[in-house]
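Below is entry.txt, holding compact mmCIF, C-alpha atoms and all ligand atoms.
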# COMPACT_ATOMS: atom_id res chain seq x y z
CA MET A 30 0.00 0.00 0.00
CA PHE A 31 1.22 3.49 -0.74
CA LEU A 32 -0.32 6.62 0.67
CA CYS A 33 0.62 10.21 0.20
CA TYR A 34 -1.25 12.62 2.36
CA ILE A 35 -0.58 16.22 2.87
CA GLU A 36 -0.88 18.59 5.76
CA LYS A 37 0.09 22.11 6.56
CA ALA A 38 1.57 22.36 10.03
CA TRP A 39 2.75 25.17 12.20
CA HIS A 40 6.25 24.28 13.09
CA SER A 41 7.69 24.99 16.51
CA GLU A 42 10.74 26.80 15.17
CA ILE A 43 8.77 28.87 12.69
CA PHE A 44 6.35 29.64 15.49
CA ALA A 45 9.14 30.56 17.92
CA ARG A 46 10.60 32.99 15.39
CA GLY A 47 7.19 34.60 15.12
CA LEU A 48 7.05 34.05 11.37
CA LYS A 49 3.51 33.63 10.18
CA ARG A 50 4.30 30.86 7.72
CA PHE A 51 3.36 27.23 7.34
CA MET A 52 5.67 24.32 6.83
CA LYS A 53 4.14 21.86 4.39
CA THR A 54 4.44 18.15 5.01
CA CYS A 55 3.96 15.21 2.66
CA HIS A 56 3.70 11.73 4.19
CA ILE A 57 4.52 8.74 2.06
CA GLN A 58 3.64 5.21 3.11
CA GLY A 59 5.25 2.76 0.70
CA LYS A 60 6.01 -0.95 0.58
CA THR A 61 9.60 -0.03 1.33
CA GLY A 62 8.81 2.18 4.32
CA LYS A 63 7.31 5.41 5.55
CA SER A 64 8.72 8.82 4.75
CA THR A 65 7.86 12.37 5.76
CA ILE A 66 8.94 15.20 3.49
CA LEU A 67 9.15 18.53 5.28
CA VAL A 68 9.07 21.43 2.85
CA GLY A 69 10.13 24.70 4.45
CA GLU A 70 11.79 23.02 7.44
CA SER A 71 15.20 24.31 8.53
CA LEU A 72 18.56 22.56 8.87
CA HIS A 73 18.62 24.16 12.32
CA GLN A 74 15.72 21.88 13.29
CA LEU A 75 17.58 18.67 12.37
CA GLU A 76 18.28 17.80 16.02
CA TYR A 77 14.52 17.89 16.65
CA HIS A 78 14.02 15.18 14.00
CA ILE A 79 16.93 13.11 15.33
CA ARG A 80 14.84 12.87 18.50
CA GLY A 81 17.59 12.12 20.99
CA ARG A 82 19.07 9.18 19.05
CA ARG A 83 22.72 8.53 18.28
CA ALA A 84 23.34 9.89 14.81
CA VAL A 85 26.08 10.02 12.19
CA ILE A 86 26.02 12.70 9.48
CA ILE A 87 27.27 12.12 5.94
CA THR A 88 28.01 15.17 3.79
CA ASP A 89 30.31 16.32 0.99
CA ASP A 90 33.35 18.58 1.48
CA HIS A 91 31.68 21.55 -0.21
CA LEU A 92 28.69 21.46 2.17
CA MET A 93 31.09 20.87 5.06
CA ASP A 94 32.88 24.16 4.24
CA LEU A 95 29.65 26.08 3.81
CA TYR A 96 27.43 24.79 6.60
CA ARG A 97 29.49 22.91 9.23
CA GLN A 98 28.61 25.51 11.84
CA ASP A 99 24.90 24.77 11.32
CA PHE A 100 25.19 20.98 11.76
CA PRO A 101 24.09 19.52 15.10
CA GLY A 102 26.83 18.00 17.29
CA HIS A 103 27.13 14.47 15.88
CA PRO A 104 30.08 12.79 14.17
CA VAL A 105 30.42 13.76 10.50
CA ILE A 106 31.70 11.57 7.66
CA VAL A 107 32.83 13.73 4.75
CA ILE A 108 32.94 12.48 1.17
CA GLY A 109 34.21 14.27 -1.93
CA CYS A 110 32.10 15.91 -4.61
CA GLY A 111 31.00 14.86 -8.08
CA GLU A 112 29.56 11.84 -9.85
CA ALA A 113 32.98 10.10 -9.85
CA ILE A 114 32.81 9.53 -6.07
CA LYS A 115 29.40 7.82 -6.23
CA THR A 116 31.02 4.38 -6.08
CA LEU A 117 31.32 1.27 -3.93
CA ASP A 118 34.81 2.54 -2.91
CA THR A 119 33.22 5.52 -1.21
CA VAL A 120 30.61 3.22 0.35
CA ASN A 121 33.43 0.99 1.59
CA ARG A 122 35.18 3.95 3.23
CA ILE A 123 31.96 5.02 4.93
CA TYR A 124 31.38 1.46 6.26
CA GLN A 125 34.90 1.55 7.76
CA GLN A 126 34.21 4.83 9.50
CA LEU A 127 30.87 3.56 10.80
CA VAL A 128 32.67 0.57 12.30
CA LYS A 129 35.21 2.91 13.95
CA LEU A 130 32.36 5.02 15.32
CA GLU A 131 30.75 1.82 16.64
CA ALA A 132 27.54 2.65 14.81
CA ASP A 133 24.86 0.00 15.19
CA ARG A 134 21.39 -0.69 13.85
CA SER A 135 19.84 1.88 16.14
CA THR A 136 22.13 4.68 14.91
CA LEU A 137 20.41 7.20 12.65
CA ILE A 138 22.31 8.14 9.49
CA VAL A 139 21.62 11.62 8.11
CA GLY A 140 22.77 12.69 4.66
CA ILE A 141 23.15 16.45 4.28
CA GLY A 142 23.69 17.31 0.63
CA GLY A 143 22.58 17.03 -2.95
CA GLY A 144 21.47 13.97 -4.88
CA ILE A 145 24.87 12.33 -4.65
CA VAL A 146 25.05 12.48 -0.85
CA CYS A 147 21.40 11.35 -0.60
CA ASP A 148 21.86 8.38 -2.97
CA ILE A 149 25.02 7.21 -1.17
CA THR A 150 23.60 7.78 2.32
CA GLY A 151 20.44 5.81 1.53
CA PHE A 152 22.48 2.94 0.12
CA VAL A 153 24.90 2.82 3.07
CA ALA A 154 22.11 3.03 5.64
CA SER A 155 20.10 0.31 3.86
CA THR A 156 22.97 -2.16 3.76
CA TYR A 157 25.19 -1.54 6.82
CA MET A 158 24.17 -4.15 9.44
CA ARG A 159 21.22 -5.02 7.15
CA GLY A 160 19.71 -1.62 7.52
CA MET A 161 19.53 1.33 9.86
CA PRO A 162 17.18 4.34 9.97
CA PHE A 163 18.13 7.29 7.79
CA GLY A 164 17.03 10.79 6.86
CA PHE A 165 18.09 13.54 4.47
CA VAL A 166 18.60 17.27 4.51
CA ALA A 167 18.27 17.81 0.76
CA SER A 168 20.44 20.81 -0.10
CA THR A 169 20.05 21.15 -3.88
CA LEU A 170 16.83 21.93 -5.71
CA LEU A 171 17.26 18.69 -7.66
CA ALA A 172 17.61 16.66 -4.46
CA GLN A 173 14.52 18.33 -2.98
CA VAL A 174 12.21 17.74 -5.94
CA ASP A 175 13.65 14.52 -7.30
CA ALA A 176 16.54 12.56 -5.75
CA SER A 177 15.25 12.49 -2.15
CA VAL A 178 11.70 11.47 -3.15
CA GLY A 179 10.77 7.96 -4.19
CA GLY A 180 13.08 5.69 -2.22
CA LYS A 181 15.70 4.92 -4.86
CA ASN A 182 19.22 4.77 -3.42
CA GLY A 183 22.38 3.57 -5.08
CA VAL A 184 25.79 4.08 -6.61
CA ASN A 185 27.43 3.85 -10.03
CA PHE A 186 29.27 0.69 -11.00
CA GLY A 187 31.55 -0.25 -13.89
CA GLY A 188 30.86 3.02 -15.67
CA PHE A 189 27.06 2.57 -15.45
CA LYS A 190 24.94 5.07 -13.53
CA ASN A 191 23.02 3.86 -10.46
CA MET A 192 23.80 0.25 -11.34
CA VAL A 193 23.86 -1.02 -7.73
CA GLY A 194 21.16 0.04 -5.32
CA VAL A 195 18.06 -0.55 -3.24
CA PHE A 196 14.52 0.77 -2.87
CA ASN A 197 14.11 2.11 0.67
CA GLN A 198 12.43 5.20 2.10
CA PRO A 199 14.22 7.79 4.29
CA GLU A 200 12.45 8.39 7.59
CA PHE A 201 12.35 12.13 6.87
CA VAL A 202 13.51 14.62 4.25
CA ILE A 203 14.13 18.22 5.26
CA CYS A 204 13.84 20.66 2.34
CA ASP A 205 15.38 23.89 3.64
CA MET A 206 14.83 26.68 1.11
CA ASN A 207 17.56 28.83 2.69
CA LEU A 208 20.24 26.35 1.62
CA LEU A 209 19.36 27.00 -2.03
CA ARG A 210 20.76 30.53 -1.77
CA THR A 211 24.35 29.27 -2.00
CA LEU A 212 23.66 26.91 -4.89
CA SER A 213 25.33 27.70 -8.23
CA LYS A 214 23.07 29.08 -10.98
CA PRO A 215 23.52 25.99 -13.22
CA ASP A 216 22.66 23.65 -10.32
CA LEU A 217 19.57 25.74 -9.60
CA SER A 218 18.46 25.59 -13.24
CA CYS A 219 18.94 21.80 -13.27
CA GLY A 220 16.46 21.57 -10.40
CA PHE A 221 14.00 23.76 -12.31
CA ALA A 222 14.24 21.39 -15.29
CA GLU A 223 12.82 18.57 -13.13
CA ILE A 224 10.07 20.87 -11.78
CA VAL A 225 9.06 21.80 -15.34
CA LYS A 226 9.10 18.08 -16.17
CA HIS A 227 6.71 17.32 -13.30
CA ALA A 228 4.39 20.14 -14.39
CA ILE A 229 4.27 18.99 -18.03
CA ILE A 230 3.56 15.34 -17.21
CA ALA A 231 1.06 15.89 -14.42
CA ASP A 232 -0.03 19.41 -13.50
CA ALA A 233 -1.18 22.07 -15.98
CA ASP A 234 -1.86 24.53 -13.13
CA LEU A 235 1.71 24.22 -11.88
CA PHE A 236 2.93 24.89 -15.43
CA ALA A 237 0.78 28.03 -15.66
CA TYR A 238 2.04 29.13 -12.23
CA LEU A 239 5.64 28.74 -13.42
CA GLU A 240 4.88 30.76 -16.54
CA GLU A 241 3.65 33.57 -14.33
CA HIS A 242 6.16 33.36 -11.50
CA TRP A 243 9.47 32.33 -13.06
CA PRO A 244 11.24 35.60 -12.09
CA GLU A 245 10.34 35.08 -8.41
CA ALA A 246 11.29 31.41 -8.72
CA LEU A 247 14.75 32.32 -10.01
CA ALA A 248 15.08 34.87 -7.20
CA LEU A 249 14.15 32.11 -4.71
CA GLU A 250 11.28 34.17 -3.35
CA PRO A 251 10.29 32.02 -0.31
CA ASP A 252 6.57 31.48 -0.95
CA VAL A 253 7.10 30.78 -4.64
CA ILE A 254 10.01 28.36 -4.34
CA GLU A 255 8.31 26.57 -1.45
CA LYS A 256 5.16 26.06 -3.53
CA LEU A 257 7.17 24.81 -6.50
CA VAL A 258 9.13 22.32 -4.39
CA TYR A 259 6.03 21.14 -2.57
CA ASP A 260 3.88 20.67 -5.69
CA SER A 261 6.75 18.86 -7.35
CA VAL A 262 7.24 16.53 -4.38
CA VAL A 263 3.51 15.74 -4.37
CA ILE A 264 3.57 14.91 -8.10
CA LYS A 265 6.62 12.67 -7.83
CA ALA A 266 5.34 11.01 -4.65
CA GLY A 267 2.00 10.39 -6.35
CA VAL A 268 3.51 8.78 -9.44
CA VAL A 269 5.94 6.72 -7.39
CA GLY A 270 3.11 5.75 -5.05
CA ARG A 271 1.17 4.20 -7.87
CA ASP A 272 4.25 2.35 -9.15
CA GLU A 273 6.87 2.16 -6.40
CA THR A 274 9.25 -0.29 -8.04
CA GLU A 275 9.11 1.12 -11.56
CA LYS A 276 7.00 -1.40 -13.44
CA GLY A 277 4.80 1.01 -15.39
CA GLU A 278 3.57 4.53 -14.66
CA ARG A 279 6.80 5.62 -12.97
CA ARG A 280 8.40 5.60 -16.40
CA ILE A 281 6.59 8.84 -17.26
CA LEU A 282 9.11 10.50 -14.93
CA ASN A 283 11.58 9.82 -17.74
CA PHE A 284 10.01 12.58 -19.83
CA GLY A 285 12.88 14.39 -21.57
CA HIS A 286 15.33 11.79 -20.28
CA THR A 287 15.53 9.27 -23.15
CA ILE A 288 16.91 11.83 -25.59
CA GLY A 289 18.36 13.85 -22.68
CA HIS A 290 20.58 10.97 -21.57
CA ALA A 291 22.02 10.61 -25.07
CA ILE A 292 22.77 14.36 -25.08
CA GLU A 293 24.26 14.26 -21.55
CA LYS A 294 26.46 11.28 -22.33
CA THR A 295 27.70 12.68 -25.62
CA THR A 296 28.25 16.32 -24.78
CA GLY A 297 28.94 16.19 -21.03
CA ILE A 298 26.55 19.10 -20.36
CA PRO A 299 24.81 19.00 -16.94
CA HIS A 300 21.90 16.56 -16.52
CA GLY A 301 19.15 19.20 -16.20
CA GLU A 302 20.36 21.07 -19.30
CA ALA A 303 20.34 17.86 -21.33
CA VAL A 304 16.87 17.00 -20.03
CA SER A 305 15.69 20.48 -21.02
CA ILE A 306 16.71 19.87 -24.65
CA GLY A 307 15.27 16.34 -24.36
CA MET A 308 11.90 17.80 -23.28
CA VAL A 309 11.91 20.20 -26.23
CA ALA A 310 12.67 17.27 -28.58
CA ALA A 311 9.92 15.10 -27.07
CA SER A 312 7.46 18.00 -27.30
CA ARG A 313 8.25 18.42 -31.00
CA ILE A 314 7.63 14.70 -31.53
CA ALA A 315 4.33 15.04 -29.65
CA VAL A 316 3.29 17.91 -31.93
CA GLN A 317 4.14 15.82 -34.98
CA GLN A 318 2.06 12.94 -33.60
CA GLY A 319 -0.92 15.21 -33.02
CA LEU A 320 -0.74 14.87 -29.22
CA LEU A 321 0.32 18.42 -28.38
CA PRO A 322 -0.79 21.71 -29.96
CA ALA A 323 2.20 23.57 -31.48
CA ARG A 324 1.42 26.57 -29.28
CA ASP A 325 1.93 24.40 -26.15
CA ALA A 326 5.32 23.28 -27.47
CA ASP A 327 6.16 27.00 -27.83
CA ARG A 328 5.08 27.61 -24.22
CA ILE A 329 7.43 24.82 -23.08
CA ASN A 330 10.29 26.36 -25.06
CA THR A 331 9.67 29.81 -23.64
CA LEU A 332 9.41 28.63 -20.04
CA LEU A 333 12.67 26.66 -20.25
CA THR A 334 14.44 29.65 -21.80
CA ASN A 335 13.11 31.93 -19.06
CA LEU A 336 14.52 29.53 -16.46
CA HIS A 337 17.95 29.83 -18.12
CA LEU A 338 17.80 26.33 -19.56
CA PRO A 339 19.02 25.52 -23.09
CA THR A 340 16.56 24.36 -25.75
CA ARG A 341 19.13 23.31 -28.36
CA ILE A 342 22.81 22.41 -28.70
CA THR A 343 25.02 22.48 -31.76
CA GLY A 344 27.91 20.38 -32.99
CA HIS A 345 27.13 16.88 -31.69
CA ARG A 346 24.32 15.61 -33.90
CA ASN A 347 25.84 12.38 -35.19
CA ALA A 348 27.21 11.35 -31.81
CA ILE A 349 23.85 12.00 -30.09
CA LEU A 350 21.93 10.01 -32.71
CA SER A 351 24.43 7.19 -32.45
CA ALA A 352 24.07 7.16 -28.61
CA MET A 353 20.31 6.91 -29.08
CA ARG A 354 20.75 3.96 -31.43
CA LYS A 355 22.75 2.24 -28.66
CA ASP A 356 20.02 2.87 -26.06
CA LYS A 357 19.30 -0.34 -24.13
CA LYS A 358 15.56 0.31 -24.41
CA ARG A 359 15.64 0.48 -28.23
CA GLU A 360 13.66 -2.23 -30.03
CA GLY A 361 14.79 -2.50 -33.64
CA ASN A 362 14.36 0.91 -35.22
CA THR A 363 12.00 2.04 -32.45
CA ILE A 364 12.47 3.72 -29.08
CA HIS A 365 9.85 4.32 -26.41
CA VAL A 366 9.54 8.00 -25.66
CA VAL A 367 7.45 9.79 -23.02
CA LEU A 368 5.34 12.36 -24.87
CA PRO A 369 3.18 15.16 -23.48
CA ALA A 370 -0.47 14.63 -24.41
CA GLY A 371 -1.30 18.29 -23.83
CA ILE A 372 0.33 20.07 -20.88
CA GLY A 373 -0.36 18.16 -17.65
CA ARG A 374 -0.56 14.63 -19.07
CA ALA A 375 1.94 12.21 -20.58
CA VAL A 376 1.86 8.96 -22.54
CA ILE A 377 4.58 6.52 -23.52
CA GLN A 378 4.74 5.71 -27.22
CA PRO A 379 7.05 3.91 -29.60
CA VAL A 380 8.64 6.30 -32.10
CA SER A 381 10.84 5.27 -35.01
CA LEU A 382 14.43 6.48 -34.89
CA THR A 383 13.97 7.76 -38.44
CA ASP A 384 11.19 10.06 -37.19
CA VAL A 385 13.29 11.18 -34.22
CA GLU A 386 16.13 12.02 -36.61
CA MET A 387 13.86 14.02 -38.88
CA ILE A 388 11.96 15.89 -36.16
CA THR A 389 15.00 16.85 -34.09
CA GLN A 390 16.78 18.60 -36.95
CA GLY A 391 18.00 21.96 -35.73
CA LEU A 392 17.74 20.97 -32.03
CA PHE A 393 21.10 19.19 -31.81
N1 LIG B 1 17.52 8.59 -6.28
C1 LIG B 1 16.86 9.23 -7.22
O1 LIG B 1 15.66 8.98 -7.43
C2 LIG B 1 17.56 10.26 -8.04
C3 LIG B 1 16.82 11.12 -8.88
C4 LIG B 1 17.49 12.10 -9.58
C5 LIG B 1 18.86 12.24 -9.46
N2 LIG B 1 19.56 11.38 -8.65
C6 LIG B 1 21.01 11.49 -8.51
O2 LIG B 1 21.31 12.78 -7.97
C7 LIG B 1 22.64 13.12 -8.34
C8 LIG B 1 22.68 14.58 -8.75
O3 LIG B 1 22.25 15.35 -7.67
P1 LIG B 1 22.59 16.92 -7.55
O4 LIG B 1 22.30 17.59 -8.84
O5 LIG B 1 21.97 17.40 -6.31
O6 LIG B 1 24.18 16.90 -7.50
P2 LIG B 1 25.24 16.97 -6.32
O7 LIG B 1 24.82 16.20 -5.16
O8 LIG B 1 26.54 16.64 -6.95
O9 LIG B 1 25.27 18.53 -5.97
C9 LIG B 1 25.72 19.45 -6.94
C10 LIG B 1 26.80 20.36 -6.37
O10 LIG B 1 26.19 21.31 -5.51
C11 LIG B 1 26.88 21.37 -4.27
N3 LIG B 1 25.88 21.74 -3.28
C12 LIG B 1 24.93 20.96 -2.73
N4 LIG B 1 24.13 21.69 -1.96
C13 LIG B 1 24.59 22.97 -1.99
C14 LIG B 1 24.18 24.19 -1.39
N5 LIG B 1 23.08 24.27 -0.63
N6 LIG B 1 24.91 25.29 -1.65
C15 LIG B 1 26.00 25.24 -2.46
N7 LIG B 1 26.42 24.13 -3.06
C16 LIG B 1 25.72 22.99 -2.83
C17 LIG B 1 27.47 20.01 -4.09
O11 LIG B 1 28.57 20.06 -3.22
C18 LIG B 1 27.86 19.66 -5.52
O12 LIG B 1 29.11 20.23 -5.82
C19 LIG B 1 23.04 12.17 -9.48
O13 LIG B 1 23.99 11.27 -8.99
C20 LIG B 1 21.74 11.45 -9.82
O14 LIG B 1 21.95 10.14 -10.25
C21 LIG B 1 18.93 10.41 -7.94
ZN ZN B 2 16.56 13.86 -14.18

Show me the file's structure as structure tokens.
Ligand SMILES: NC(=O)c1ccc[n+]([C@@H]2O[C@H](COP(=O)([O-])OP(=O)(O)OC[C@H]3O[C@@H](n4cnc5c(N)ncnc54)[C@H](O)[C@@H]3O)[C@@H](O)[C@H]2O)c1
Ligand SMILES: [Zn+2]
Amino acid sequence: MFLCYIEKAWHSEIFARGLKRFMKTCHIQGKTGKSTILVGESLHQLEYHIRGRRAVIITDDHLMDLYRQDFPGHPVIVIGCGEAIKTLDTVNRIYQQLVKLEADRSTLIVGIGGGIVCDITGFVASTYMRGMPFGFVASTLLAQVDASVGGKNGVNFGGFKNMVGVFNQPEFVICDMNLLRTLSKPDLSCGFAEIVKHAIIADADLFAYLEEHWPEALALEPDVIEKLVYDSVVIKAGVVGRDETEKGERRILNFGHTIGHAIEKTTGIPHGEAVSIGMVAASRIAVQQGLLPARDADRINTLLTNLHLPTRITGHRNAILSAMRKDKKREGNTIHVVLPAGIGRAVIQPVSLTDVEMITQGLF
């Protein structure tokens, strides 16, 4: 059974500071555990969620430099930064430190960081001593709206992304909007790409809201960014809830990702930027298939551009097409692509590679 219910709660800290604002909470009850996502909660309240237990914090060295003074007083294991450290070697080093710290199954592990820290923390906590409780303080926009929601944890292996992993829910996820202020502009835009994705596949109102409020979103205006994160979490939690272990519907979350992955792999541009171009490509295909009015494809283009995301890339066409031909999910001359059926709904359809080649001319 999977449940996602939503409440708005006064939070003690928010209350104590006299701020008249709500923290929004999303509860997820999945086969692989129960999770509470706290949107608008503060890193400073982490100790409250640790609830008197022994805890070990895992973070990366960048976050350690920026926010060490705000961490509660528990031992900290620091890992490096970047996709290259998301490996079993890093996991191995963390296990060794947990042994030294005499961590046991009752110790709470807390990952403070972006998607990389969250993915590694979830994997370590799920496997060390056959599993210990864990929580996240998601510090990037992408981690808040995507990586920390849904219970997927894992590491790269043998050059393949997320090849080794588990499904398991964190006990809690703190989404502290203040942390986003130190995030780099490209990392922020990558998070927005996933929010736009959620809006296109599931929520026309959210899309319209983004069209109206993108300047405040980019400026991280508190009410706006909090709404965007929250709505996004609810959409992802809902989709995952109906298909926790990725057998069907969850695949619509791959909107923009089939072509996006080929672009990312070939050009090395950041994930969110590649997904942005992938969404534009998929929208064009949807227009050609009569699923999406051309004016809605234009709206998607405009919104992505406003959020400082690219909608095309030059100079890599043959390599991108060849990467697509090597896609594991290809069947003969056909690939399955997630297509927007209007804004707010998505379908998965087989498309011939010949059509993809023709329709994407001028995009990459
Ligand atoms: N488990 C899932 O369902 C899922 C979903 C999507 C992505 N992911 C994974 O997430 C990872 C990408 O996550 P990401 O984009 O958050 O990357 P990341 O964790 O590498 O963070 C990006 C950079 O931002 C820095 N950073 C983090 N928080 C910061 C802050 N508040 N201020 C300043 N700098 C900060 C980090 O140190 C890092 O250098 C990938 O490995 C991907 O596979 C997992
Ligand atoms: Zn993505």

Worksheet entry | Atom pair CA of Ala323 in chain A / CA of Thr389 in chain A: separation (Å) |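 Straight-line distance from CA of Ala323 in chain A to CA of Thr389 in chain A works out to 14.7 Å.
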
- Message: So that I can see what lies close to Pro339 in chain A, please list as a list in words the residues with an atom at most 12 Å from it, counting only C-alpha atoms and leaving out residues fewer than 4 positions away in the same chain.
- Response: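 Surrounding residues, per the criterion: Pro215, Ser218, Cys219, Ala222, Gly289, Ile292, Ile298, Pro299, His300, Gly301, Glu302, Ala303, Val304, Ser305, Ile306, Gly307, Met308, Val309, Ala310, Ile329, Asn330, Thr331, Leu332, Leu333, Thr334, Asn335, Thr343, Leu392 and Phe393 of chain A.
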
| message | Which residues are near ligand LIG 1 (chain B) - at most 8 Å, using all atoms listed in the file? Format: as a PyMOL selection string. | response | chain A and resi 89-92+95+110-112+115+142-148+167-172+175-184+190-191+207-213+216+219-220+300

Q) Between A:Ile114, A:Ala246, A:Ile229, A:Ile314, which is the closest to Met206 in chain A once you count only C-alpha atoms? A)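 Among the listed residues, the smallest separation from Met206 in chain A belongs to A:Ala246.
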
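CA of Val366 in chain A sits 5.5 Å away from CA of Gln378 in chain A.
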
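Minimum distance to Ser312 in chain A across A:His73, A:Thr296, A:Thr54, A:Ile230 (counting only C-alpha atoms) occurs at A:Ile230.
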
### Selection near Gly371 in chain A, 12 Å with all atoms listed in the file, sequence-local residues under 3 positions removed, as a ChimeraX atom specification
/A:228-233,236,312-313,315-316,318-326,328-329,368,374-376

Taking C-alpha atoms for each residue, export the selection above as an mmCIF file, in the frame of the given file.
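Listing of part_1.cif after writing:
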data_model
loop_
_atom_site.group_PDB
_atom_site.id
_atom_site.type_symbol
_atom_site.label_atom_id
_atom_site.label_comp_id
_atom_site.auth_asym_id
_atom_site.auth_seq_id
_atom_site.Cartn_x
_atom_site.Cartn_y
_atom_site.Cartn_z
ATOM 1 C CA ALA A 228 4.390 20.140 -14.390
ATOM 2 C CA ILE A 229 4.270 18.990 -18.030
ATOM 3 C CA ILE A 230 3.560 15.340 -17.210
ATOM 4 C CA ALA A 231 1.060 15.890 -14.420
ATOM 5 C CA ASP A 232 -0.030 19.410 -13.500
ATOM 6 C CA ALA A 233 -1.180 22.070 -15.980
ATOM 7 C CA PHE A 236 2.930 24.890 -15.430
ATOM 8 C CA SER A 312 7.460 18.000 -27.300
ATOM 9 C CA ARG A 313 8.250 18.420 -31.000
ATOM 10 C CA ALA A 315 4.330 15.040 -29.650
ATOM 11 C CA VAL A 316 3.290 17.910 -31.930
ATOM 12 C CA GLN A 318 2.060 12.940 -33.600
ATOM 13 C CA GLY A 319 -0.920 15.210 -33.020
ATOM 14 C CA LEU A 320 -0.740 14.870 -29.220
ATOM 15 C CA LEU A 321 0.320 18.420 -28.380
ATOM 16 C CA PRO A 322 -0.790 21.710 -29.960
ATOM 17 C CA ALA A 323 2.200 23.570 -31.480
ATOM 18 C CA ARG A 324 1.420 26.570 -29.280
ATOM 19 C CA ASP A 325 1.930 24.400 -26.150
ATOM 20 C CA ALA A 326 5.320 23.280 -27.470
ATOM 21 C CA ARG A 328 5.080 27.610 -24.220
ATOM 22 C CA ILE A 329 7.430 24.820 -23.080
ATOM 23 C CA LEU A 368 5.340 12.360 -24.870
ATOM 24 C CA ARG A 374 -0.560 14.630 -19.070
ATOM 25 C CA ALA A 375 1.940 12.210 -20.580
ATOM 26 C CA VAL A 376 1.860 8.960 -22.540
#

Taking all atoms of range 251-254 of chain A that the file lists and extending 3 Å past them on each side, where is the centre of the axis-aligned box and how long are its edges? Answer in Å to one decimal, as AutoDock Vina command-line options.
--center_x 8.4 --center_y 30.2 --center_z -2.5 --size_x 9.7 --size_y 9.7 --size_z 10.3

Writing N, CA and C atoms and nothing else, produce range 188-200 of chain A as a PDB file, in the first residue's frame.
ATOM      1  N   GLY A 188      31.145   2.016 -14.647  1.00  0.00           N
ATOM      2  CA  GLY A 188      30.856   3.025 -15.670  1.00  0.00           C
ATOM      3  C   GLY A 188      29.361   3.203 -15.928  1.00  0.00           C
ATOM      4  N   PHE A 189      28.508   2.421 -15.250  1.00  0.00           N
ATOM      5  CA  PHE A 189      27.064   2.568 -15.451  1.00  0.00           C
ATOM      6  C   PHE A 189      26.444   3.310 -14.275  1.00  0.00           C
ATOM      7  N   LYS A 190      25.557   4.253 -14.582  1.00  0.00           N
ATOM      8  CA  LYS A 190      24.937   5.071 -13.526  1.00  0.00           C
ATOM      9  C   LYS A 190      23.936   4.263 -12.699  1.00  0.00           C
ATOM     10  N   ASN A 191      23.999   4.451 -11.395  1.00  0.00           N
ATOM     11  CA  ASN A 191      23.021   3.863 -10.462  1.00  0.00           C
ATOM     12  C   ASN A 191      22.792   2.365 -10.694  1.00  0.00           C
ATOM     13  N   MET A 192      23.883   1.659 -10.961  1.00  0.00           N
ATOM     14  CA  MET A 192      23.797   0.247 -11.338  1.00  0.00           C
ATOM     15  C   MET A 192      23.533  -0.653 -10.127  1.00  0.00           C
ATOM     16  N   VAL A 193      24.013  -0.218  -8.939  1.00  0.00           N
ATOM     17  CA  VAL A 193      23.861  -1.024  -7.727  1.00  0.00           C
ATOM     18  C   VAL A 193      23.061  -0.210  -6.727  1.00  0.00           C
ATOM     19  N   GLY A 194      21.946  -0.765  -6.247  1.00  0.00           N
ATOM     20  CA  GLY A 194      21.163   0.043  -5.319  1.00  0.00           C
ATOM     21  C   GLY A 194      19.989  -0.699  -4.703  1.00  0.00           C
ATOM     22  N   VAL A 195      19.210   0.037  -3.937  1.00  0.00           N
ATOM     23  CA  VAL A 195      18.057  -0.547  -3.238  1.00  0.00           C
ATOM     24  C   VAL A 195      16.884   0.434  -3.287  1.00  0.00           C
ATOM     25  N   PHE A 196      15.684  -0.085  -3.103  1.00  0.00           N
ATOM     26  CA  PHE A 196      14.522   0.768  -2.868  1.00  0.00           C
ATOM     27  C   PHE A 196      14.309   0.810  -1.357  1.00  0.00           C
ATOM     28  N   ASN A 197      14.321   1.974  -0.778  1.00  0.00           N
ATOM     29  CA  ASN A 197      14.109   2.108   0.665  1.00  0.00           C
ATOM     30  C   ASN A 197      13.813   3.577   0.983  1.00  0.00           C
ATOM     31  N   GLN A 198      12.843   3.812   1.839  1.00  0.00           N
ATOM     32  CA  GLN A 198      12.430   5.198   2.097  1.00  0.00           C
ATOM     33  C   GLN A 198      13.203   5.823   3.272  1.00  0.00           C
ATOM     34  N   PRO A 199      13.656   7.075   3.130  1.00  0.00           N
ATOM     35  CA  PRO A 199      14.218   7.788   4.288  1.00  0.00           C
ATOM     36  C   PRO A 199      13.089   8.084   5.272  1.00  0.00           C
ATOM     37  N   GLU A 200      13.457   8.096   6.566  1.00  0.00           N
ATOM     38  CA  GLU A 200      12.445   8.388   7.592  1.00  0.00           C
ATOM     39  C   GLU A 200      11.890   9.808   7.383  1.00  0.00           C
TER      40      GLU A 200
END
